[in-house]
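To be precise, the following lines are run_39.cif, and they hold mmCIF, C-alpha atoms.
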```
data_query
loop_
_atom_site.label_atom_id
_atom_site.label_comp_id
_atom_site.auth_asym_id
_atom_site.auth_seq_id
_atom_site.Cartn_x
_atom_site.Cartn_y
_atom_site.Cartn_z
CA MET A 1 -76.18 3.43 -0.43
CA GLY A 2 -73.26 2.08 1.60
CA PRO A 3 -70.66 -0.42 0.36
CA ALA A 4 -72.27 -3.28 2.35
CA GLU A 5 -75.68 -2.66 0.79
CA ARG A 6 -74.13 -2.27 -2.68
CA GLU A 7 -72.40 -5.63 -2.20
CA ALA A 8 -75.66 -7.23 -1.00
CA ARG A 9 -77.51 -5.93 -4.07
CA ARG A 10 -74.97 -7.37 -6.52
CA PRO A 11 -76.20 -10.68 -8.01
CA GLY A 12 -73.89 -13.60 -7.28
CA ILE A 13 -73.84 -17.33 -6.64
CA PRO A 14 -77.00 -17.30 -4.41
CA GLU A 15 -78.89 -15.73 -7.32
CA ALA A 16 -77.60 -18.47 -9.66
CA TYR A 17 -79.18 -21.03 -7.34
CA ALA A 18 -82.37 -18.95 -7.22
CA ALA A 19 -82.40 -18.93 -11.03
CA ILE A 20 -82.14 -22.74 -11.07
CA ALA A 21 -85.06 -22.92 -8.62
CA ILE A 22 -87.17 -20.58 -10.79
CA LEU A 23 -86.24 -22.61 -13.88
CA SER A 24 -87.35 -25.81 -12.13
CA PHE A 25 -90.72 -24.19 -11.35
CA ALA A 26 -91.14 -23.01 -14.96
CA VAL A 27 -90.31 -26.46 -16.34
CA ALA A 28 -92.61 -28.23 -13.86
CA ARG A 29 -95.45 -25.76 -14.45
CA PHE A 30 -95.35 -25.16 -18.18
CA LEU A 31 -93.59 -28.08 -19.92
CA PRO A 32 -95.23 -31.50 -20.38
CA VAL A 33 -92.41 -33.30 -18.56
CA LEU A 34 -94.68 -36.15 -17.39
CA ASP A 35 -95.35 -37.01 -21.05
CA ILE A 36 -91.73 -38.14 -21.34
CA HIS A 37 -92.02 -41.79 -20.34
CA TYR A 38 -88.69 -42.45 -18.71
CA GLN A 39 -88.15 -45.76 -16.95
CA CYS A 40 -85.99 -45.49 -13.83
CA THR A 41 -83.04 -47.89 -14.24
CA PHE A 42 -83.13 -48.93 -10.58
CA MET A 43 -86.87 -49.60 -10.80
CA ALA A 44 -86.40 -51.56 -14.02
CA LEU A 45 -83.68 -53.73 -12.45
CA THR A 46 -85.20 -54.33 -9.00
CA GLY A 47 -88.89 -53.47 -9.31
CA LEU A 48 -88.40 -51.08 -6.39
CA PRO A 49 -88.37 -47.27 -6.29
CA CYS A 50 -84.98 -45.54 -6.15
CA ALA A 51 -84.25 -42.74 -3.66
CA SER A 52 -85.33 -40.06 -6.14
CA CYS A 53 -88.35 -41.81 -7.63
CA GLY A 54 -91.44 -39.58 -7.63
CA MET A 55 -89.46 -36.33 -7.54
CA THR A 56 -90.62 -35.19 -10.99
CA HIS A 57 -94.26 -35.93 -10.13
CA ALA A 58 -93.81 -34.07 -6.82
CA PHE A 59 -92.40 -30.97 -8.56
CA VAL A 60 -95.12 -30.99 -11.24
CA SER A 61 -97.93 -31.54 -8.71
CA LEU A 62 -96.73 -28.77 -6.43
CA ALA A 63 -96.21 -26.39 -9.37
CA HIS A 64 -99.89 -26.97 -10.21
CA GLY A 65 -100.96 -26.28 -6.61
CA ASP A 66 -101.56 -29.93 -5.67
CA GLY A 67 -99.65 -30.20 -2.39
CA ALA A 68 -101.26 -33.50 -1.34
CA GLY A 69 -100.41 -35.07 -4.71
CA ALA A 70 -96.84 -33.85 -4.40
CA TRP A 71 -96.55 -35.35 -0.91
CA ARG A 72 -97.98 -38.65 -2.12
CA ALA A 73 -95.51 -38.78 -5.02
CA SER A 74 -92.47 -38.08 -2.82
CA PRO A 75 -92.42 -36.30 0.54
CA LEU A 76 -88.80 -35.27 0.02
CA GLY A 77 -89.58 -34.05 -3.51
CA ALA A 78 -92.45 -31.93 -2.18
CA LEU A 79 -90.22 -30.44 0.53
CA LEU A 80 -87.37 -29.91 -1.93
CA ALA A 81 -89.61 -28.17 -4.47
CA GLY A 82 -91.29 -26.01 -1.84
CA GLY A 83 -87.98 -25.17 -0.22
CA ALA A 84 -86.28 -24.31 -3.50
CA TRP A 85 -89.07 -22.02 -4.64
CA LEU A 86 -89.34 -20.38 -1.24
CA TYR A 87 -85.59 -19.82 -1.32
CA ALA A 88 -85.87 -18.15 -4.74
CA VAL A 89 -88.59 -15.77 -3.51
CA LEU A 90 -86.66 -14.94 -0.34
CA ASP A 91 -83.47 -14.34 -2.31
CA LEU A 92 -85.23 -11.95 -4.70
CA LEU A 93 -86.71 -10.07 -1.74
CA ARG A 94 -83.30 -10.00 -0.05
CA LEU A 95 -81.71 -8.67 -3.24
CA ALA A 96 -84.37 -5.97 -3.61
CA ALA A 97 -83.96 -4.93 0.02
CA GLY A 98 -80.17 -4.93 -0.24
CA ARG A 99 -79.77 -7.13 2.82
CA PRO A 100 -77.27 -9.99 3.16
CA TRP A 101 -78.19 -13.58 3.94
CA PRO A 102 -77.75 -14.34 7.64
CA ALA A 103 -74.29 -15.80 8.26
CA LEU A 104 -74.48 -19.33 9.69
CA SER A 105 -71.63 -21.12 11.41
CA VAL A 106 -70.02 -24.22 9.89
CA GLY A 107 -71.54 -26.20 12.77
CA THR A 108 -75.05 -25.07 11.87
CA TRP A 109 -74.48 -25.93 8.22
CA ARG A 110 -73.20 -29.34 9.29
CA VAL A 111 -76.33 -30.05 11.33
CA MET A 112 -78.45 -29.03 8.33
CA ALA A 113 -76.42 -31.26 5.99
CA ILE A 114 -76.79 -34.26 8.31
CA GLY A 115 -80.50 -33.49 8.55
CA ALA A 116 -80.77 -33.38 4.76
CA VAL A 117 -79.02 -36.74 4.38
CA GLY A 118 -81.23 -38.21 7.11
CA ALA A 119 -84.35 -36.84 5.42
CA ALA A 120 -83.27 -38.40 2.11
CA ALA A 121 -82.72 -41.76 3.82
CA ALA A 122 -86.07 -41.56 5.64
CA ASN A 123 -87.84 -40.63 2.41
CA TRP A 124 -86.37 -43.60 0.61
CA ALA A 125 -87.21 -45.97 3.48
CA TRP A 126 -90.79 -44.74 3.36
CA MET A 127 -90.93 -45.20 -0.44
CA LEU A 128 -89.65 -48.77 -0.05
CA TRP A 129 -92.09 -49.48 2.79
CA ARG A 130 -94.92 -48.16 0.65
CA ALA A 131 -93.78 -50.41 -2.21
CA GLY A 132 -94.10 -53.36 0.17
CA VAL A 133 -90.45 -54.25 0.72
CA ALA A 134 -90.43 -54.21 4.53
CA MET B 1 -39.14 -17.34 -7.90
CA PRO B 2 -39.78 -13.58 -7.53
CA GLY B 3 -42.92 -12.44 -9.28
CA ALA B 4 -44.28 -15.94 -9.76
CA PRO B 5 -48.03 -15.94 -9.03
CA TRP B 6 -47.85 -19.06 -6.82
CA ALA B 7 -44.84 -18.07 -4.76
CA VAL B 8 -46.40 -17.18 -1.39
CA GLY B 9 -49.78 -16.90 0.29
CA GLU B 10 -53.19 -16.92 -1.38
CA SER B 11 -53.30 -15.70 -4.95
CA ASP B 12 -55.92 -15.11 -7.61
CA ALA B 13 -56.02 -17.77 -10.30
CA PRO B 14 -54.64 -16.41 -13.60
CA PHE B 15 -58.17 -16.69 -15.03
CA ALA B 16 -59.46 -14.30 -12.36
CA LEU B 17 -57.12 -11.68 -13.85
CA ARG B 18 -58.30 -12.33 -17.43
CA ARG B 19 -59.31 -8.72 -18.09
CA SER B 20 -55.73 -7.56 -17.70
CA THR B 21 -53.84 -10.60 -18.99
CA GLY B 22 -56.13 -11.74 -21.80
CA TRP B 23 -58.80 -14.44 -21.85
CA LEU B 24 -57.00 -17.16 -23.80
CA SER B 25 -53.59 -16.94 -22.15
CA SER B 26 -55.14 -16.74 -18.65
CA TYR B 27 -57.41 -19.68 -19.45
CA VAL B 28 -54.52 -21.85 -20.67
CA ALA B 29 -52.38 -20.90 -17.66
CA THR B 30 -55.19 -21.72 -15.23
CA TRP B 31 -56.00 -24.99 -17.00
CA LYS B 32 -52.38 -26.12 -16.69
CA LEU B 33 -52.33 -25.27 -12.98
CA ALA B 34 -55.73 -26.78 -12.11
CA CYS B 35 -55.33 -29.95 -14.13
CA LEU B 36 -51.58 -30.62 -14.04
CA GLU B 37 -50.58 -29.15 -10.65
CA PRO B 38 -53.83 -29.35 -8.66
CA ALA B 39 -52.20 -29.71 -5.22
CA ALA B 40 -50.20 -26.49 -5.43
CA PHE B 41 -52.96 -24.64 -7.28
CA PHE B 42 -55.82 -25.44 -4.92
CA ARG B 43 -53.62 -24.94 -1.86
CA GLN B 44 -52.99 -21.32 -2.81
CA VAL B 45 -55.91 -20.17 -4.92
CA LYS B 46 -58.22 -17.55 -3.41
CA VAL B 47 -61.65 -18.98 -2.65
CA GLY B 48 -63.54 -15.79 -1.81
CA ALA B 49 -64.99 -15.09 -5.25
CA PRO B 50 -65.92 -18.37 -7.00
CA GLY B 51 -67.54 -16.66 -10.01
CA SER B 52 -64.38 -16.97 -12.08
CA ALA B 53 -64.10 -20.67 -11.21
CA VAL B 54 -67.69 -21.32 -12.31
CA LEU B 55 -67.12 -19.42 -15.56
CA PHE B 56 -63.92 -21.39 -16.14
CA GLY B 57 -65.72 -24.72 -15.70
CA VAL B 58 -68.69 -23.61 -17.81
CA MET B 59 -66.36 -22.69 -20.68
CA ALA B 60 -64.57 -26.06 -20.54
CA MET B 61 -67.80 -28.07 -20.42
CA THR B 62 -69.44 -25.95 -23.11
CA VAL B 63 -66.58 -26.41 -25.56
CA ALA B 64 -66.52 -30.15 -24.84
CA SER B 65 -70.29 -30.35 -25.28
CA TRP B 66 -70.18 -28.42 -28.57
CA PHE B 67 -67.57 -30.79 -29.97
CA GLN B 68 -69.53 -33.82 -28.76
CA THR B 69 -72.66 -32.41 -30.42
CA LEU B 70 -70.70 -31.89 -33.63
CA TYR B 71 -69.42 -35.47 -33.57
CA GLY B 72 -72.94 -36.68 -32.81
CA ALA B 73 -74.32 -34.72 -35.76
CA LEU B 74 -71.63 -36.10 -38.09
CA MET B 75 -72.18 -39.66 -36.89
CA GLY B 76 -75.92 -39.12 -37.17
CA ALA B 77 -75.45 -38.00 -40.75
CA ALA B 78 -73.49 -41.17 -41.48
CA THR B 79 -76.21 -43.27 -39.80
CA ARG B 80 -78.81 -41.41 -41.82
CA GLY B 81 -77.09 -42.41 -45.08
CA MET B 82 -77.07 -46.03 -43.92
CA VAL B 83 -80.75 -45.93 -42.97
CA GLN B 84 -81.69 -44.38 -46.31
CA GLU B 85 -79.71 -47.07 -48.15
CA MET B 86 -81.53 -49.77 -46.15
CA LEU B 87 -84.90 -48.20 -46.94
CA ARG B 88 -84.06 -48.19 -50.66
CA GLN B 89 -83.66 -51.97 -50.52
CA VAL B 90 -86.89 -52.57 -48.58
CA PRO B 91 -90.19 -52.88 -50.54
CA GLN B 92 -92.10 -49.57 -50.26
CA GLY B 93 -89.28 -48.22 -48.12
CA ALA B 94 -88.90 -45.22 -50.41
CA GLN B 95 -92.00 -43.61 -48.92
CA PHE B 96 -90.05 -43.07 -45.69
CA GLN B 97 -87.15 -41.28 -47.38
CA ASP B 98 -86.50 -37.83 -45.91
CA THR B 99 -89.18 -38.13 -43.28
CA TRP B 100 -89.01 -37.41 -39.56
CA MET B 101 -88.59 -41.16 -39.04
CA VAL B 102 -85.23 -41.21 -40.83
CA GLN B 103 -84.12 -38.18 -38.86
CA TRP B 104 -85.23 -39.82 -35.64
CA MET B 105 -83.49 -43.12 -36.49
CA SER B 106 -80.27 -41.30 -37.33
CA GLY B 107 -80.51 -39.60 -33.95
CA THR B 108 -80.26 -36.01 -35.08
CA THR B 109 -82.36 -33.12 -36.24
CA VAL B 110 -81.23 -29.60 -37.01
CA VAL B 111 -83.47 -28.21 -34.29
CA GLY B 112 -82.18 -30.78 -31.79
CA THR B 113 -78.57 -30.02 -32.62
CA LEU B 114 -79.11 -26.26 -32.34
CA ALA B 115 -80.96 -26.75 -29.06
CA GLN B 116 -78.03 -28.78 -27.68
CA LEU B 117 -75.54 -26.11 -28.76
CA PHE B 118 -77.63 -23.34 -27.20
CA ALA B 119 -78.35 -25.20 -23.97
CA ALA B 120 -74.75 -26.35 -23.36
CA PRO B 121 -73.53 -23.40 -21.24
CA PHE B 122 -76.71 -23.37 -19.13
CA VAL B 123 -76.55 -27.12 -18.54
CA ALA B 124 -72.86 -26.78 -17.64
CA ALA B 125 -73.57 -24.00 -15.11
CA ILE B 126 -76.41 -25.99 -13.52
CA TRP B 127 -74.21 -29.13 -13.41
CA ILE B 128 -71.40 -27.30 -11.61
CA LEU B 129 -73.69 -25.60 -9.09
CA ILE B 130 -75.71 -28.73 -8.30
CA TRP B 131 -72.68 -31.00 -7.93
CA ALA B 132 -70.84 -28.41 -5.83
CA GLY B 133 -73.87 -28.45 -3.52
CA ILE B 134 -73.90 -32.26 -3.32
CA TYR B 135 -70.15 -32.47 -2.66
CA HIS B 136 -70.40 -29.73 -0.05
CA VAL B 137 -73.12 -31.62 1.82
CA ALA B 138 -70.81 -34.67 1.83
CA LEU B 139 -67.89 -32.52 3.07
CA LEU B 140 -70.08 -31.03 5.81
CA VAL B 141 -71.25 -34.45 6.97
CA LEU B 142 -67.61 -35.56 7.18
CA GLY B 143 -66.62 -32.39 9.03
CA ALA B 144 -64.29 -31.40 6.20
CA ALA B 145 -65.67 -28.06 5.06
CA SER B 146 -63.71 -25.67 7.25
CA ARG B 147 -63.39 -23.00 4.52
CA GLY B 148 -67.02 -22.97 3.49
CA PHE B 149 -69.00 -23.42 0.30
CA ASP B 150 -66.95 -20.94 -1.73
CA ALA B 151 -63.94 -23.26 -1.45
CA THR B 152 -65.96 -26.26 -2.64
CA LEU B 153 -67.45 -24.33 -5.55
CA THR B 154 -64.01 -22.99 -6.51
CA VAL B 155 -62.62 -26.53 -6.62
CA VAL B 156 -65.52 -27.95 -8.64
CA GLY B 157 -65.34 -25.02 -11.07
CA TYR B 158 -61.62 -25.16 -11.76
CA ALA B 159 -61.45 -28.98 -11.66
CA SER B 160 -64.19 -29.03 -14.31
CA GLY B 161 -61.52 -27.75 -16.66
CA ALA B 162 -60.47 -31.40 -16.97
CA LEU B 163 -63.77 -32.10 -18.71
CA LEU B 164 -62.40 -30.15 -21.68
CA VAL B 165 -60.82 -33.48 -22.63
CA GLY B 166 -64.33 -34.45 -23.74
CA ALA B 167 -63.76 -32.31 -26.83
CA ALA B 168 -61.31 -34.92 -28.17
CA PRO B 169 -62.66 -36.80 -31.20
CA VAL B 170 -63.07 -40.07 -29.27
CA PRO B 171 -66.77 -40.07 -28.32
CA GLY B 172 -67.46 -41.90 -25.08
CA LEU B 173 -63.86 -42.60 -24.10
CA ALA B 174 -62.92 -38.90 -24.05
CA ASN B 175 -65.74 -38.17 -21.60
CA LEU B 176 -64.69 -41.10 -19.43
CA VAL B 177 -61.09 -39.88 -19.31
CA GLY B 178 -62.35 -36.37 -18.52
CA ALA B 179 -64.53 -37.69 -15.68
CA VAL B 180 -61.64 -39.64 -14.12
CA TRP B 181 -59.31 -36.66 -14.49
CA PHE B 182 -61.95 -34.41 -12.92
CA SER B 183 -62.28 -36.83 -9.99
CA PHE B 184 -58.56 -36.73 -9.24
CA ALA B 185 -58.35 -32.93 -9.61
CA ALA B 186 -61.46 -32.42 -7.46
CA ALA B 187 -60.35 -34.82 -4.70
CA ILE B 188 -56.92 -33.17 -4.50
CA GLY B 189 -58.67 -29.80 -4.64
CA PHE B 190 -61.02 -30.64 -1.75
CA ARG B 191 -58.04 -31.83 0.32
CA GLU B 192 -56.05 -28.67 -0.30
CA ALA B 193 -58.75 -26.01 -0.41
CA GLN B 194 -60.68 -27.32 2.61
CA ARG B 195 -57.43 -28.14 4.46
CA THR B 196 -58.61 -31.68 5.13
CA THR B 197 -57.23 -35.19 4.77
CA ASN B 198 -56.89 -37.30 1.66
CA GLY B 199 -59.35 -39.85 3.05
CA LYS B 200 -62.08 -37.31 3.78
CA ALA B 201 -61.60 -35.60 0.42
CA TRP B 202 -61.93 -38.86 -1.52
CA THR B 203 -64.81 -40.03 0.67
CA ALA B 204 -66.67 -36.76 0.02
CA LEU B 205 -66.09 -37.15 -3.71
CA LEU B 206 -67.25 -40.76 -3.75
CA LEU B 207 -69.92 -40.52 -1.05
CA PRO B 208 -72.82 -39.79 -3.43
CA PHE B 209 -71.84 -42.84 -5.49
CA LEU B 210 -71.06 -44.94 -2.40
CA ALA B 211 -74.48 -44.02 -0.99
CA VAL B 212 -76.14 -45.26 -4.17
CA CYS B 213 -74.08 -48.49 -4.02
CA ALA B 214 -74.93 -48.96 -0.33
CA CYS B 215 -78.60 -48.44 -1.11
CA CYS B 216 -78.39 -51.03 -3.90
CA CYS B 217 -76.72 -53.48 -1.49
CA ALA B 218 -79.39 -52.81 1.14
CA VAL B 219 -82.16 -53.43 -1.36
CA ALA B 220 -80.41 -56.57 -2.61
CA TRP B 221 -80.11 -57.76 1.01
CA MET B 222 -83.78 -57.03 1.70
CA ALA B 223 -84.77 -58.80 -1.49
CA PHE B 224 -82.54 -61.76 -0.58
CA THR B 225 -83.92 -62.07 2.96
CA GLY B 226 -87.43 -61.65 1.60
CA LEU B 227 -86.85 -64.46 -0.88
CA SER B 228 -85.36 -66.66 1.90
CA ALA B 229 -88.41 -66.07 4.06
CA PHE B 230 -90.60 -66.90 1.10
CA ARG B 231 -88.72 -70.19 0.61
CA VAL B 232 -88.98 -71.12 4.30
CA HIS B 233 -92.67 -70.38 4.40
CA GLY B 234 -93.32 -71.90 1.03
CA GLY B 235 -91.33 -75.06 1.41
#
```
Show the structure stored in the file as structure tokens.
Amino acid sequence: MGPAEREARRPGIPEAYAAIAILSFAVARFLPVLDIHYQCTFMALTGLPCASCGMTHAFVSLAHGDGAGAWRASPLGALLAGGAWLYAVLDLLRLAAGRPWPALSVGTWRVMAIGAVGAAAANWAWMLWRAGVA
Amino acid sequence: MPGAPWAVGESDAPFALRRSTGWLSSYVATWKLACLEPAAFFRQVKVGAPGSAVLFGVMAMTVASWFQTLYGALMGAATRGMVQEMLRQVPQGAQFQDTWMVQWMSGTTVVGTLAQLFAAPFVAAIWILIWAGIYHVALLVLGAASRGFDATLTVVGYASGALLVGAAPVPGLANLVGAVWFSFAAAIGFREAQRTTNGKAWTALLLPFLAVCACCCAVAWMAFTGLSAFRVHGG
């Protein structure tokens, strides 16, 4: 095993994020998180959903195999949950294979970050539209 | 000064050398640099291996959380005595003595306290990693992330040392002071570590909160225009 492969097999920060993703799946799948009746402060004040409303339902639905329910609860939540869990699986496979993550340029990361912010804004606009604001 | 760790070029933080210099002394030295001289520290600290920074922040937040839990338990015990005294004076209140209800009203149970103590380092690690991700997205959007995610994570980790202030026996206020201190250390850290401007660093730090405020304003505006339309049509 060469030094590059040894380095790629050593758990680091990417694996910490993968662990968070796996933890989120375990919590959504096995803990009764929807039984905790938490009122969103934004919703309580305005009667409208906040940008992250429906995320918990989306994670729980997807963890139970209900993709349509997850999408109905929050499209961004469904994508976030699916993406996070897919990332965790890919990272474990990468670690087992001893291969590094592909190196992306700062420009590519920037495009992805702008896309993520745009997706969050679009998701919230859709949630508001669905709630009958527009 | 010859031999000084921050004399020239990029250097490891003292905490990164903890195995050779000792955990406590390296922690104290790093805390002083990150919290009292953040500009010089974050300008010169190596950003290639952020594990030490995350561990540093986790330790600060864990200690603060443990103290806060302890204060909460002590205050809960005091509240519990008050609740029990009230129940003694209420007709048939004695039947509730030493029940789960009293524990719930006093805000503490042994299991809950132990769970908080156990979970503190994990919650701290998740907090640092998630917020580093959010701040990095903001830095990327602003075009202020030239040195990559490792630099952002290093800043958030070491700046989280300021949250150690939360261990002070002033519940609420200590956390507020720690949060403000963290904000200043992190903003200066982003500016220095990412080699960006003061404006972009502060904007990246405040962007998540500004976005929430902007969203609130947008909703308020939509609600206002909706109400105006309702008045025009209705009246």
Give me, as CSV, the closest atom pair and its distance (Å, one decimal) for every residue of chain B within a cut-off of 6 Å of chain A, counting only C-alpha atoms, rows sorted by chain and rising number.
```
residue,atom,partner,partner_atom,distance
B:Val137,CA,A:Ala113,CA,5.3
B:Leu140,CA,A:Arg110,CA,5.0
B:Val141,CA,A:Ile114,CA,5.7
```
query = Residues picked by the PyMOL selection byres ((chain A and resi 49) around 12) here, as a PyMOL selection string?
reply = (chain A and resi 39-48+50-55+73-74+123-133) or (chain B and resi 215-216+219)
task = Run the PyMOL selection byres ((chain B and resi 43) around 8) against the file shown and list the residues it catches, as a list in words.
result = Ala39, Ala40, Phe41, Phe42, Gln44, Val45, Gly189, Glu192 and Ala193 of chain B
message = So that I can check the surroundings of stretch 11-18 of chain B, please list as a list in words every protein, DNA and RNA residue that reaches within 9 Å of it, counting all atoms listed in the file and ignoring chain neighbours fewer than 5 positions away.
response =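 Using all atoms listed in the file, the neighbours found are Pro5, Trp6, Trp23, Leu24, Ser25, Ser26, Tyr27, Val28, Ala29, Thr30, Trp31, Leu33, Phe41, Gln44, Val45, Lys46, Val47, Gly51, Ser52, Ala53 and Phe56 of chain B.
With all atoms listed in the file as the basis for measurement, A:Pro11 is the residue among A:His64, A:Ala70, A:Pro11, A:Ala28 that approaches A:Pro100 most closely.
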query = If you count only C-alpha atoms, which residues fall within 10 Å of B:Ala124, apart from same-chain ones fewer than 2 positions away, as a PyMOL selection string?
reply = chain B and resi 54-55+57-62+65+119-122+126-130+160
request  = Rounded to one decimal place, report the atom CA of B:Phe182-atom CA of B:Cys35 distance in Å.
outcome  =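 Straight-line distance from atom CA of B:Phe182 to atom CA of B:Cys35 works out to 8.1 Å.
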message = Please list as number ranges by chain every residue within 9 Å of A:Ala21, counting only C-alpha atoms and excluding residues in the same chain fewer than 5 positions away.
response = A: 16, 26, 81, 84-88
Could the residues in this selection be saved with C-alpha atoms as a tab-separated table (two decimals), in the frame of the given file?
```tsv
chain	number	residue	atom	x	y	z
A	16	ALA	CA	-77.60	-18.47	-9.66
A	26	ALA	CA	-91.14	-23.01	-14.96
A	81	ALA	CA	-89.61	-28.17	-4.47
A	84	ALA	CA	-86.28	-24.31	-3.50
A	85	TRP	CA	-89.07	-22.02	-4.64
A	86	LEU	CA	-89.34	-20.38	-1.24
A	87	TYR	CA	-85.59	-19.82	-1.32
A	88	ALA	CA	-85.87	-18.15	-4.74
```
ask   = Could you name the residues that touch B:Ala187 at 12 Å or less, counting only C-alpha atoms, but leaving out those on the same chain fewer than 5 positions away, as a PyMOL selection string?
value = chain B and resi 34-35+38-39+42+135+139+152+155-156+159-160+180-182+192-207
task = Rounded to one decimal place, report the atom CA of B:Leu163-atom CA of B:Pro208 distance in Å.
result =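 Atom-to-atom, atom CA of B:Leu163 to atom CA of B:Pro208, that is 19.4 Å.
Counting all atoms listed in the file, the residue from B:Ala125, B:Ala73, B:Ala138, B:Ala145 that sits nearest to B:Thr113 is B:Ala73.
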inquiry  = What's around B:Gly48 at 9 Å? Count all atoms listed in the file, leave out sequence neighbours fewer than 4 positions away in its own chain, and write the answer as a ChimeraX atom specification.
reply    = /B:150-151,154
Would you export the selected residues with C-alpha atoms as an mmCIF file, in the frame of the given file, please?
```cif
data_model
loop_
_atom_site.group_PDB
_atom_site.id
_atom_site.type_symbol
_atom_site.label_atom_id
_atom_site.label_comp_id
_atom_site.auth_asym_id
_atom_site.auth_seq_id
_atom_site.Cartn_x
_atom_site.Cartn_y
_atom_site.Cartn_z
ATOM 1 C CA ASP B 150 -66.950 -20.940 -1.730
ATOM 2 C CA ALA B 151 -63.940 -23.260 -1.450
ATOM 3 C CA THR B 154 -64.010 -22.990 -6.510
#
```
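Atom to atom, atom CA of B:Gly148 and atom CA of B:Leu176 stand 29.3 Å apart.
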What box, with edges along x, y and z, holds each listed atom of stretch 47-56 of chain A when 5 Å is added on every side, and can you state its centre and edge lengths in Å to one decimal, as JSON?
```
{"center_x": -87.8, "center_y": -44.3, "center_z": -7.3, "size_x": 17.2, "size_y": 28.3, "size_z": 17.3}
```
inquiry  = Counting all atoms listed in the file, which residues have an atom no more than 12 Å from (-73.4, -31.2, -31.6) in the file's coordinates? Please list them as an MDAnalysis selection string.
reply    = chainID B and resid 62:77 107:120 167 171
task = Determine the nearest neighbour of B:Glu37 from the options B:Ala179, B:Ile134, B:Ala162, B:Ala49, counting all atoms listed in the file.
result =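 Using all atoms listed in the file, B:Glu37 sits closest to B:Ala162.
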query = Can you list what the PyMOL selection byres ((chain A and resi 34-36) around 9) grabs from this structure, as a PyMOL selection string?
reply = chain A and resi 28+31-33+37-38+56-57+60
